[in-house]
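K.L.:
Just dropping this structure here.
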Protein chains: 2
Amino acid sequence: MKSYNNKITIALLSGGLDSATATALALESGKKVIGLSFDYGQRHKRELKAANALAHHFKLEEHHTIKVDLGSWGGSSLTDLGEGIPENGLNQDKIPNTYVPGRNTVFIAIGLSLAEARKANELVLGINAIDYSGYPDCRPNYLNAYQTLADLSSKAAIEGNTIKLWAPLIHLNKVEIVKEAIRLNIPIDLTWSCYNGRNEPCGVCDSCRIRNSALHKAGYRPDTTNKQI
Amino acid sequence: MKSYNNKITIALLSGGLDSATATALALESGKKVIGLSFDYGQRHKRELKAANALAHHFKLEEHHTIKVDLGSWGGSSLTDLGEGIPENGLNQDKIPNTYVPGRNTVFIAIGLSLAEARKANELVLGINAIDYSGYPDCRPNYLNAYQTLADLSSKAAIEGNTIKLWAPLIHLNKVEIVKEAIRLNIPIDLTWSCYNGRNEPCGVCDSCRIRNSALHKAGYRPDTTNKQI
């Protein structure tokens with residue numbers, strides 16, 4: 001039985017603020033980090049440019065971008081250009097139409113595949129359950145269920161090498177995440193949060209509004225975000 | 001809240017005998033079936049031709065083939081041309097090198113995405129835990145853990161529309177599966193099981209050997225398999 005190298009972490013790197021912060025926390029903990037990003041048919045493909053810039057900034061060991069076209073069957077305003085991006089989705093009971101069916105379940109599954117292939121024993125995720133958009137696949141009980149599945153699904157697990165799903169931001173609110181990002185010297189300007197696929201952040205979609213509000217409350221200058229690349 | 005149409009099933013259709021049989025069972029139960037196949041970097045891409053032929057034969061409502069390149073990071077002889085396909089992997093304690101890290105976890109996740117987008121309430125899988133190659137992601141406890149995850153992961157589930165993972169073959173051995181395939185009038189000749197990517201099945205890889213032995217024991221003429229397309 002081979003022993004897994006516990007110094008390797010796979011980071012799901014969307015290009016946003018949260019996953020950048022999670023990646024930096026993995027690096028701070030002394031791990032070698034391999035980045036994994038997804039071209040899933042999102043209208044804000046611009047975030048992949050941010051993911052590349054962040055992978056370069058963090059000097060990641062490897063950075064993979066995998067195409068998996070969840071947009072081909074629609075079901076979300078993030079992938080279906082016929083649907084409008086909401087600008088009032090916060091603090092409502094309803095899950096907004098930016099929810100992409102199965103997205104995190106697919107991304108984590110692909111991350112587990114890469115983790116096993118690289119003998120990594122950790123997958124770091126930027127998901128958080130506070131100040132998010134109410135997506136079901138960002139909740140702690142979802143993550144716990146996925147850990148149970150991961151512990152059964154792999155040859156690695158059968159051989160005693162568990163792959164831990166680590167979501168260091170899950171209980172932080174957005175202001176606390178921004179403060180962590182500032183503490184970790186993350187170039188916040190390189191990150192991209194806007195749901196719309198334009199050259200500049202729209203400033204009005206739910207994601208921009210959560211981000212800008214948190215940057216303001218944390219004392220970050222909001223007028224410089226997303227402007228440098 | 002919208003009520004989900006419980007007459008739609010998503011079938012993961014590899015092009016092999018098992019998934020064809022599972023698909024036919026879903027059709028027999030009166031469901032409309034949407035097929036889902038994967039181009040994941042497998043050396044036996046030939047199976048996708050079989051999946052297309054089967055989708056046509058079954059007159060499926062829709063048939064999607066999604067590209068997700070699990071071969072890009074290696075880790076399996078099924079995707080890495082540098083590794084040899086085993087011809088003696090049966091009845092051994094070791095999981096053979098044809099195991100693709102995370103494959104079923106990824107495929108089921110993408111199937112759940114399509115199921116939710118189409119408001120289907122079932123995903124039918126050809127996996128079986130007897131006469132298989134010892135893969136961890138074909139076991140009943142794996143599937144049970146995935147059901148728990150599926151019940152938490154989706155907007156559908158929150159709205160009370162559970163997507164059931166149905167693996168009708170999980171407790172059947174390969175001879176019993178062949179007998180089911182014959183009973184269901186599946187054109188077995190259209191299915192493809194061989195792990196090697198040639199025009200004709202090799203006859204010696206684990207998958208060919210399991211298949212040919214079962215076809216023989218079930219009274220099917222093995223010399224006609226895989227020859228018609």
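Chain lettering (A, B, ...) mirrors the order of the structure tokens, residue numbering begins at 1 for each chain separately, and ligand numbering begins at 1 in order of display.
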Could you give me, as a Markdown table, a per-residue list for chain A showing, wherever an atom lies at most 6 Å from an atom of chain B, the closest pair of atoms and their distance in Å to one decimal, using only C-alpha atoms and sorting by chain then residue number from low to high?
P.N.:
```
| residue | atom | partner | partner_atom | distance |
| --- | --- | --- | --- | --- |
| A:Val68 | CA | B:Val68 | CA | 5.3 |
| A:Gly75 | CA | B:Ala117 | CA | 4.9 |
| A:Pro101 | CA | B:Ser113 | CA | 4.8 |
| A:Gly102 | CA | B:Ser113 | CA | 4.4 |
| A:Thr105 | CA | B:Ala109 | CA | 5.7 |
| A:Val106 | CA | B:Ala109 | CA | 5.0 |
| A:Ala109 | CA | B:Val106 | CA | 4.9 |
| A:Ile110 | CA | B:Val106 | CA | 5.9 |
| A:Ser113 | CA | B:Gly102 | CA | 4.4 |
| A:Ala117 | CA | B:Gly75 | CA | 4.9 |
| A:Pro136 | CA | B:Ser153 | CA | 5.6 |
| A:Asp137 | CA | B:Ser153 | CA | 5.0 |
| A:Tyr142 | CA | B:Leu152 | CA | 5.7 |
| A:Ala145 | CA | B:Leu149 | CA | 5.2 |
| A:Leu149 | CA | B:Ala145 | CA | 5.2 |
| A:Leu152 | CA | B:Tyr142 | CA | 5.7 |
| A:Ser153 | CA | B:Asp137 | CA | 4.9 |
| A:Ser154 | CA | B:Pro136 | CA | 5.8 |
```
K.L.:
Selected residues, C-alpha atoms, written as an mmCIF file, in the first residue's frame, please.
P.N.:
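Result file is out25.cif:
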```cif
data_model
loop_
_atom_site.group_PDB
_atom_site.id
_atom_site.type_symbol
_atom_site.label_atom_id
_atom_site.label_comp_id
_atom_site.auth_asym_id
_atom_site.auth_seq_id
_atom_site.Cartn_x
_atom_site.Cartn_y
_atom_site.Cartn_z
ATOM 1 C CA VAL A 68 -17.867 20.194 -18.477
ATOM 2 C CA GLY A 75 -31.752 25.320 -15.906
ATOM 3 C CA PRO A 101 -28.248 22.285 -10.878
ATOM 4 C CA GLY A 102 -25.626 19.978 -9.438
ATOM 5 C CA THR A 105 -21.583 18.138 -6.687
ATOM 6 C CA VAL A 106 -19.967 17.866 -10.127
ATOM 7 C CA ALA A 109 -16.489 14.908 -7.819
ATOM 8 C CA ILE A 110 -13.970 16.020 -10.442
ATOM 9 C CA SER A 113 -10.733 12.392 -9.194
ATOM 10 C CA ALA A 117 -4.726 10.716 -9.303
ATOM 11 C CA PRO A 136 -28.407 24.032 -1.209
ATOM 12 C CA ASP A 137 -24.937 22.788 -2.152
ATOM 13 C CA TYR A 142 -24.313 18.809 2.279
ATOM 14 C CA ALA A 145 -22.777 13.919 3.284
ATOM 15 C CA LEU A 149 -19.502 9.519 0.040
ATOM 16 C CA LEU A 152 -16.537 5.170 0.281
ATOM 17 C CA SER A 153 -16.000 6.083 -3.339
ATOM 18 C CA SER A 154 -12.331 5.710 -3.964
#
```
K.L.:
Report the distance between atom CA of B:Pro201 and atom CA of B:Asp18 in Å, rounded to one decimal place.
P.N.:
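Atom-to-atom, atom CA of B:Pro201 and atom CA of B:Asp18 are spaced 16.4 Å apart.
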K.L.:
Just list as a ChimeraX atom specification whatever in stretch 152-214 of chain B DSSP marks as alpha helix (DSSP H).
P.N.:
/B:152-153,155-158,174-183,206-214
K.L.:
Run DSSP on the backbone and grab whatever in chain A lands in strand (DSSP E or B); send it over as an MDAnalysis selection string.
P.N.:
chainID A and resid 8:12 32:39 62:67 122:124 164:166
K.L.:
So the first atom is atom CA of A:Pro168 and the second is atom CA of A:Arg221; what is the distance between them in Å, to one decimal place?
P.N.:
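Between atom CA of A:Pro168 and atom CA of A:Arg221 the gap is 24.7 Å.
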K.L.:
Looking at only C-alpha atoms, which of A:Arg46, A:Lys32, A:His216, A:Arg211 is the one that sits closest to A:Lys59?
P.N.:
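For A:Lys59, the nearest of the candidates is A:Lys32.
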